[in-house]
Protein chains: 2
Amino acid sequence: MGLLRGKESILIFLAEGAAFAREVKITTSMLAKQVEVSQQTASRLLIQLEREGYVTRRIVGKETYVRLTEKGVNELIGLYARLKGIFERPVKITLEGRVFSGLGEGAYYIGLPGYYNQLKERLGFEPFLGTLNVRLSSSASIEGRLLLERVADIVIEGFKDEKRSYGGAKCVKAVFNDVDECAILFIERTHHDASVIEVVSPYKLRERYGLKDGDKVRLSVNLQPAFFFNNLLGTGNV
Amino acid sequence: MGLLRGKESILIFLAEGAAFAREVKITTSMLAKQVEVSQQTASRLLIQLEREGYVTRRIVGKETYVRLTEKGVNELIGLYARLKGIFERPVKITLEGRVFSGLGEGAYYIGLPGYYNQLKERLGFEPFLGTLNVRLSSSASIEGRLLLERVADIVIEGFKDEKRSYGGAKCVKAVFNDVDECAILFIERTHHDASVIEVVSPYKLRERYGLKDGDKVRLSVNLQPAFFFNNLLGTGNV
DNA sequence: ATTACTATTTCCCGAGTAA
DNA sequence: TTTACTCGGGAAATAGTAA
């Protein structure tokens, strides 16, 4: 199991024993157990690592002391830096699509105090009374939408009044056309399919950008990677 | 160069292209260039990665789209976590040795205002007027000492008066016998060899611990790893 | 241009075993 | 016990090439 091969495994195992700061006493058979190879292979790999300049070996009688060289440490640091780059860099997800006209219910729902007050508080801006409907124009955008829906972290709770009950929703903050703060709204029981998003903004976006039906718009979301992976993993569906 | 083999390299390369969040378009020949194998090998490795469940491939005409599966992402996260454990954990260096009597100059030098004031300010305690001499009793401790000397970050500057000039020194904060705050002093031009350290403390340690010549003592230093590696690397002498 | 098959070579693993 | 050699089998890499 696992993709790491003998040599890398040995370097990592040695580093876990702080072999960068001091010599570490080892036997080839315990090394073999750790990295899941035979004793013979562990011995050979250690010799190779020494020849290639990743470790030094000092043999005193029957005991062997190993430590990482600078090259060995740098190898691991380089790998660590690459992975850090992957997992600590914000993940930018971009959705592209075209504006279309809905039934105008967005304005009605957002205007309800039960929604409006939550939106205002949790989005950090006063939402314009209406949503911009966008039909996503690529499968990449649709996939991105599905991913964002699972990762959306701003929860708008449903509520009831005398007449009926109103469902909940989730949002993520996004950037509209690379400039304006906005949020993408994921409504729990919507009649829209996965190719549609609704955008909430402090502005009347149609006016601000002179948008007509069919015009292209772009939404981008920056996710903190730790957050991203926490929400993504363990769902069986990366 | 480098220890990573084809498969791991491919996973990392894909992750660098954010293939955990979306499908990434690739060709086997550019993949081959990236991971430094032949095109044939890149093709085979990609097929194997798919069979083993690390990636999914989607082939559309002549184009191939690849993305990491959850298993693939977890593989990388696991590796990242191991390396993080290595490089973010404090590095503890312990020196052990036996007390011996010096010439008593320690008290004289520390009492000089030119040293005393710097020590007090930079160590954060009022040093007792004297140093405890410790002869290190193992080669591991001596090695640790050499390492600490290179990494010591508290600088005590030399100075002059009418009669003579006084050399500089470096210190690291340490813990004496697992309890008391102290510092290990590395004097620039000392007559001691590398098996000896001098300990500065707010207390008269001989009294506080009832120490006689020959008694064993232990000094430990916790180094922040980032700091540790910054100071250690690039010196050609890990 | 692609991908990926087959054939060949090269490399690596581990059993057996010496020291 | 150790370490580490030889050696045979098998895996992995590349060349050649088809599609």
# chains A, B, ... in the order shown; residues from 1 in each chain; ligands from 1
$ interface_residues --of "chain D" --to "chain A" --cutoff "10 Å" --atoms "only C-alpha atoms (C1' of nucleotides)" --output "list in words"
DT1, DT2, DT3, DA4 and DC5 of chain D
$ select_by_dssp --residues "segment 120-187 of chain A" --states "strand (DSSP E or B)" --output "list in words"
Leu132, Asn133, Val134, Arg135, Leu136, Ile154, Val155, Ile156, Phe159, Lys160, Ser165, Tyr166, Ala169, Lys170, Cys171, Val172, Lys173, Ala174, Val175, Phe176, Asp180, Glu181, Cys182, Ala183, Ile184, Leu185, Phe186 and Ile187 of chain A
$ write_last_selection --atoms "N, CA, C and O atoms" --output "short mmCIF file (atom, residue, chain, number, x, y, z; two decimals), in the first residue's frame"
data_model
loop_
_atom_site.label_atom_id
_atom_site.label_comp_id
_atom_site.auth_asym_id
_atom_site.auth_seq_id
_atom_site.Cartn_x
_atom_site.Cartn_y
_atom_site.Cartn_z
N LEU A 132 -29.24 37.71 -9.63
CA LEU A 132 -28.89 37.59 -11.03
C LEU A 132 -28.80 36.11 -11.36
O LEU A 132 -28.03 35.38 -10.73
N ASN A 133 -29.60 35.67 -12.33
CA ASN A 133 -29.55 34.26 -12.73
C ASN A 133 -28.48 34.06 -13.79
O ASN A 133 -28.43 34.80 -14.76
N VAL A 134 -27.66 33.04 -13.57
CA VAL A 134 -26.60 32.75 -14.54
C VAL A 134 -26.69 31.28 -14.92
O VAL A 134 -26.72 30.41 -14.04
N ARG A 135 -26.71 31.04 -16.21
CA ARG A 135 -26.67 29.65 -16.70
C ARG A 135 -25.23 29.34 -17.06
O ARG A 135 -24.65 29.99 -17.92
N LEU A 136 -24.68 28.36 -16.38
CA LEU A 136 -23.26 28.05 -16.57
C LEU A 136 -23.04 27.46 -17.95
O LEU A 136 -23.85 26.66 -18.42
N ILE A 154 -21.64 29.55 4.34
CA ILE A 154 -22.55 30.53 4.95
C ILE A 154 -23.96 29.96 4.87
O ILE A 154 -24.48 29.71 3.79
N VAL A 155 -24.53 29.73 6.04
CA VAL A 155 -25.83 29.07 6.09
C VAL A 155 -26.94 30.08 6.33
O VAL A 155 -26.84 30.92 7.23
N ILE A 156 -27.94 30.03 5.50
CA ILE A 156 -29.14 30.86 5.67
C ILE A 156 -30.26 29.90 6.09
O ILE A 156 -30.61 28.98 5.34
N PHE A 159 -37.39 29.41 7.62
CA PHE A 159 -38.25 29.90 8.70
C PHE A 159 -39.71 29.69 8.30
O PHE A 159 -40.00 29.27 7.17
N LYS A 160 -40.61 30.00 9.21
CA LYS A 160 -42.05 29.85 8.97
C LYS A 160 -42.76 31.15 9.29
O LYS A 160 -42.35 31.89 10.18
N SER A 165 -43.99 27.87 5.02
CA SER A 165 -42.61 27.78 5.50
C SER A 165 -41.67 28.07 4.34
O SER A 165 -41.99 27.82 3.17
N TYR A 166 -40.52 28.60 4.69
CA TYR A 166 -39.53 29.01 3.69
C TYR A 166 -38.26 28.20 3.91
O TYR A 166 -37.75 28.12 5.03
N ALA A 169 -30.92 27.91 2.75
CA ALA A 169 -30.00 28.08 1.62
C ALA A 169 -28.57 28.13 2.16
O ALA A 169 -28.36 28.22 3.38
N LYS A 170 -27.62 28.03 1.27
CA LYS A 170 -26.21 28.19 1.63
C LYS A 170 -25.58 29.16 0.64
O LYS A 170 -26.04 29.28 -0.50
N CYS A 171 -24.52 29.85 1.08
CA CYS A 171 -23.82 30.77 0.18
C CYS A 171 -22.32 30.59 0.29
O CYS A 171 -21.81 30.10 1.29
N VAL A 172 -21.66 31.04 -0.75
CA VAL A 172 -20.22 31.34 -0.65
C VAL A 172 -20.00 32.74 -1.19
O VAL A 172 -20.65 33.16 -2.15
N LYS A 173 -19.03 33.40 -0.58
CA LYS A 173 -18.64 34.72 -1.09
C LYS A 173 -17.85 34.51 -2.38
O LYS A 173 -17.07 33.56 -2.51
N ALA A 174 -18.07 35.40 -3.31
CA ALA A 174 -17.40 35.28 -4.61
C ALA A 174 -17.04 36.66 -5.12
O ALA A 174 -17.36 37.68 -4.50
N VAL A 175 -16.39 36.68 -6.26
CA VAL A 175 -16.03 37.94 -6.91
C VAL A 175 -16.69 37.96 -8.28
O VAL A 175 -16.56 37.00 -9.05
N PHE A 176 -17.41 39.05 -8.54
CA PHE A 176 -18.15 39.14 -9.80
C PHE A 176 -17.29 39.84 -10.84
O PHE A 176 -16.78 40.94 -10.60
N ASP A 180 -16.21 42.86 -8.28
CA ASP A 180 -17.14 43.19 -7.19
C ASP A 180 -17.39 42.03 -6.24
O ASP A 180 -17.56 40.88 -6.66
N GLU A 181 -17.48 42.39 -4.99
CA GLU A 181 -17.88 41.43 -3.97
C GLU A 181 -19.31 40.97 -4.25
O GLU A 181 -20.18 41.77 -4.57
N CYS A 182 -19.55 39.68 -4.11
CA CYS A 182 -20.91 39.17 -4.24
C CYS A 182 -20.99 37.83 -3.54
O CYS A 182 -20.03 37.44 -2.85
N ALA A 183 -22.08 37.14 -3.67
CA ALA A 183 -22.20 35.81 -3.09
C ALA A 183 -23.00 34.94 -4.04
O ALA A 183 -23.89 35.42 -4.75
N ILE A 184 -22.65 33.67 -4.08
CA ILE A 184 -23.42 32.72 -4.86
C ILE A 184 -24.36 32.00 -3.90
O ILE A 184 -23.95 31.57 -2.82
N LEU A 185 -25.63 31.93 -4.30
CA LEU A 185 -26.68 31.41 -3.44
C LEU A 185 -27.05 30.00 -3.89
O LEU A 185 -27.32 29.77 -5.06
N PHE A 186 -27.03 29.08 -2.93
CA PHE A 186 -27.48 27.72 -3.24
C PHE A 186 -28.75 27.46 -2.44
O PHE A 186 -28.69 27.28 -1.22
N ILE A 187 -29.85 27.47 -3.13
CA ILE A 187 -31.14 27.34 -2.46
C ILE A 187 -31.49 25.87 -2.32
O ILE A 187 -31.31 25.10 -3.26
#
$ interface_residues --of "chain C" --to "chain B" --cutoff "9 Å" --atoms "only C-alpha atoms (C1' of nucleotides)" --output "list in words"
DT2, DT3 and DA4 of chain C
$ write_last_selection --atoms "C-alpha atoms (C1' of nucleotides)" --output "PDB file, in the first residue's frame"
ATOM      1  C1'  DT C   2      -1.950  11.650 -30.259  1.00  0.00           C
ATOM      2  C1'  DT C   3      -2.094   6.830 -27.064  1.00  0.00           C
ATOM      3  C1'  DA C   4      -0.539   2.585 -26.003  1.00  0.00           C
TER       4       DA C   4
END
$ interface_residues --of "chain A" --to "chain B" --cutoff "9 Å" --atoms "only C-alpha atoms" --output "CSV table (one decimal) with N, CA and C atoms, in the first residue's frame"
chain,number,residue,atom,x,y,z
A,2,GLY,N,0.4,2.2,-0.6
A,2,GLY,CA,1.1,3.5,-0.7
A,2,GLY,C,2.0,3.5,-1.8
A,3,LEU,N,2.4,4.7,-2.3
A,3,LEU,CA,3.1,4.8,-3.5
A,3,LEU,C,4.6,5.0,-3.2
A,4,LEU,N,5.0,5.3,-2.0
A,4,LEU,CA,6.4,5.6,-1.7
A,4,LEU,C,7.2,4.4,-1.9
A,5,ARG,N,8.3,4.5,-2.6
A,5,ARG,CA,9.3,3.4,-2.7
A,5,ARG,C,10.3,3.4,-1.6
A,7,LYS,N,13.6,4.0,-1.1
A,7,LYS,CA,14.6,5.0,-0.8
A,7,LYS,C,13.9,6.2,-0.1
A,8,GLU,N,12.8,6.7,-0.7
A,8,GLU,CA,12.2,7.9,-0.1
A,8,GLU,C,11.7,7.5,1.3
A,12,ILE,N,12.5,9.5,4.8
A,12,ILE,CA,11.5,10.0,5.6
A,12,ILE,C,11.5,9.4,7.0
A,15,ALA,N,14.4,10.8,8.9
A,15,ALA,CA,14.1,12.2,9.3
A,15,ALA,C,13.1,12.2,10.5
A,16,GLU,N,12.2,11.3,10.5
A,16,GLU,CA,11.2,11.2,11.7
A,16,GLU,C,12.0,10.9,13.0
A,17,GLY,N,13.1,10.2,12.8
A,17,GLY,CA,13.9,10.0,14.0
A,17,GLY,C,15.0,11.1,14.2
A,18,ALA,N,14.7,12.2,13.6
A,18,ALA,CA,15.6,13.4,13.8
A,18,ALA,C,17.0,13.2,13.3
A,20,PHE,N,18.5,14.3,11.0
A,20,PHE,CA,19.1,15.5,10.4
A,20,PHE,C,19.9,16.2,11.5
A,21,ALA,N,19.6,16.0,12.7
A,21,ALA,CA,20.3,16.7,13.8
A,21,ALA,C,21.4,15.8,14.5
A,22,ARG,N,21.3,14.5,14.3
A,22,ARG,CA,22.2,13.7,14.9
A,22,ARG,C,22.3,12.3,14.2
A,23,GLU,N,23.2,11.5,14.6
A,23,GLU,CA,23.3,10.2,14.1
A,23,GLU,C,22.2,9.3,14.8
A,68,LEU,N,21.3,12.0,8.0
A,68,LEU,CA,21.1,12.6,6.7
A,68,LEU,C,22.2,13.6,6.4
A,69,THR,N,22.6,13.7,5.1
A,69,THR,CA,23.4,14.7,4.7
A,69,THR,C,22.6,16.0,4.4
A,70,GLU,N,23.3,17.0,4.1
A,70,GLU,CA,22.5,18.2,3.6
A,70,GLU,C,21.7,17.9,2.4
A,71,LYS,N,22.3,17.1,1.5
A,71,LYS,CA,21.5,16.8,0.3
A,71,LYS,C,20.3,16.0,0.6
A,73,VAL,N,18.6,16.1,3.5
A,73,VAL,CA,17.6,17.0,4.1
A,73,VAL,C,17.0,17.9,3.1
A,74,ASN,N,17.8,18.4,2.1
A,74,ASN,CA,17.3,19.2,1.1
A,74,ASN,C,16.2,18.5,0.2
A,75,GLU,N,16.5,17.2,0.0
A,75,GLU,CA,15.6,16.4,-0.8
A,75,GLU,C,14.2,16.5,-0.1
A,76,LEU,N,14.2,16.2,1.2
A,76,LEU,CA,12.9,16.2,1.9
A,76,LEU,C,12.3,17.6,2.0
A,77,ILE,N,13.1,18.6,2.2
A,77,ILE,CA,12.6,19.9,2.3
A,77,ILE,C,12.0,20.4,1.0
A,79,LEU,N,10.6,18.4,-1.2
A,79,LEU,CA,9.3,17.7,-1.4
A,79,LEU,C,8.3,18.4,-0.5
A,80,TYR,N,8.7,18.7,0.7
A,80,TYR,CA,7.8,19.4,1.7
A,80,TYR,C,7.3,20.7,1.1
A,82,ARG,N,7.1,21.6,-2.0
A,82,ARG,CA,6.1,21.3,-3.1
A,82,ARG,C,4.7,21.0,-2.6
A,83,LEU,N,4.7,20.1,-1.6
A,83,LEU,CA,3.4,19.8,-1.1
A,83,LEU,C,2.7,20.9,-0.3
A,84,LYS,N,3.5,21.7,0.4
A,84,LYS,CA,3.0,22.9,1.0
A,84,LYS,C,2.4,23.8,0.0
A,85,GLY,N,3.1,24.0,-1.1
A,85,GLY,CA,2.6,24.8,-2.2
A,85,GLY,C,1.2,24.4,-2.6
A,86,ILE,N,1.1,23.1,-2.7
A,86,ILE,CA,-0.2,22.5,-3.1
A,86,ILE,C,-1.3,22.8,-2.1
A,87,PHE,N,-1.0,22.4,-0.8
A,87,PHE,CA,-2.1,22.4,0.2
A,87,PHE,C,-2.3,23.7,0.9
A,91,VAL,N,-7.3,27.9,-3.3
A,91,VAL,CA,-7.8,27.2,-4.5
A,91,VAL,C,-8.8,28.1,-5.1
A,93,ILE,N,-11.7,28.9,-7.7
A,93,ILE,CA,-12.7,28.2,-8.6
A,93,ILE,C,-13.4,29.2,-9.3
A,140,ALA,N,-17.0,22.4,-17.0
A,140,ALA,CA,-16.1,22.7,-15.9
A,140,ALA,C,-16.8,23.6,-14.9
A,143,GLU,N,-19.3,21.6,-12.9
A,143,GLU,CA,-18.6,20.8,-11.9
A,143,GLU,C,-18.2,21.7,-10.7
A,144,GLY,N,-17.7,22.9,-11.0
A,144,GLY,CA,-17.2,23.8,-10.0
A,144,GLY,C,-18.4,24.2,-9.1
A,147,LEU,N,-19.1,21.5,-6.7
A,147,LEU,CA,-18.1,21.5,-5.7
A,147,LEU,C,-18.4,22.6,-4.7
A,232,LEU,N,-14.1,18.6,1.5
A,232,LEU,CA,-14.1,17.8,0.4
A,232,LEU,C,-13.9,16.3,0.7
A,233,LEU,N,-13.0,16.1,1.6
A,233,LEU,CA,-12.6,14.7,1.9
A,233,LEU,C,-13.6,14.0,2.8
A,234,GLY,N,-13.6,12.7,2.8
A,234,GLY,CA,-14.5,12.0,3.6
A,234,GLY,C,-15.9,12.0,3.1
A,235,THR,N,-16.1,12.5,1.9
A,235,THR,CA,-17.4,12.5,1.3
A,235,THR,C,-17.5,11.5,0.2
A,236,GLY,N,-16.3,10.8,0.0
A,236,GLY,CA,-16.3,9.8,-1.0
A,236,GLY,C,-16.6,10.3,-2.4
A,237,ASN,N,-16.3,11.5,-2.6
A,237,ASN,CA,-16.7,12.1,-3.9
A,237,ASN,C,-15.9,13.2,-4.4
A,238,VAL,N,-14.6,13.1,-4.2
A,238,VAL,CA,-13.7,14.2,-4.7
A,238,VAL,C,-13.8,14.3,-6.2
$ residues_around --residues "DC12 of chain C" --least-positions-apart "6" --cutoff "10 Å" --atoms "only C-alpha atoms (C1' of nucleotides)" --output "list of chain:residue names"
A:Thr41, D:DG10, D:DA11, D:DA12
$ residues_around --residues "Gln118 of chain B" --least-positions-apart "2" --cutoff "12 Å" --atoms "only C-alpha atoms (C1' of nucleotides)" --output "ChimeraX atom specification"
/B:110-116,120-127,154-159,168-171
$ select_by_dssp --residues "chain A" --states "helix (DSSP H, G or I)" --output "PyMOL selection string"
chain A and resi 6-16+28-35+39-51+70-88+105-111+113-123+139-151+205-208+225-232
$ residues_around --residues "His191 of chain B" --least-positions-apart "6" --cutoff "12 Å" --atoms "only C-alpha atoms (C1' of nucleotides)" --output "ChimeraX atom specification"
/B:102-103,105,197-198
$ atom_distance --atom1 "atom CA of Ser38 of chain B" --atom2 "atom CA of Val37 of chain A"
27.0 Å
$ atom_distance --atom1 "atom CA of Glu188 of chain A" --atom2 "atom CA of Arg164 of chain A"
15.9 Å
$ atom_distance --atom1 "atom CA of Leu219 of chain B" --atom2 "atom CA of Asp178 of chain B"
7.3 Å
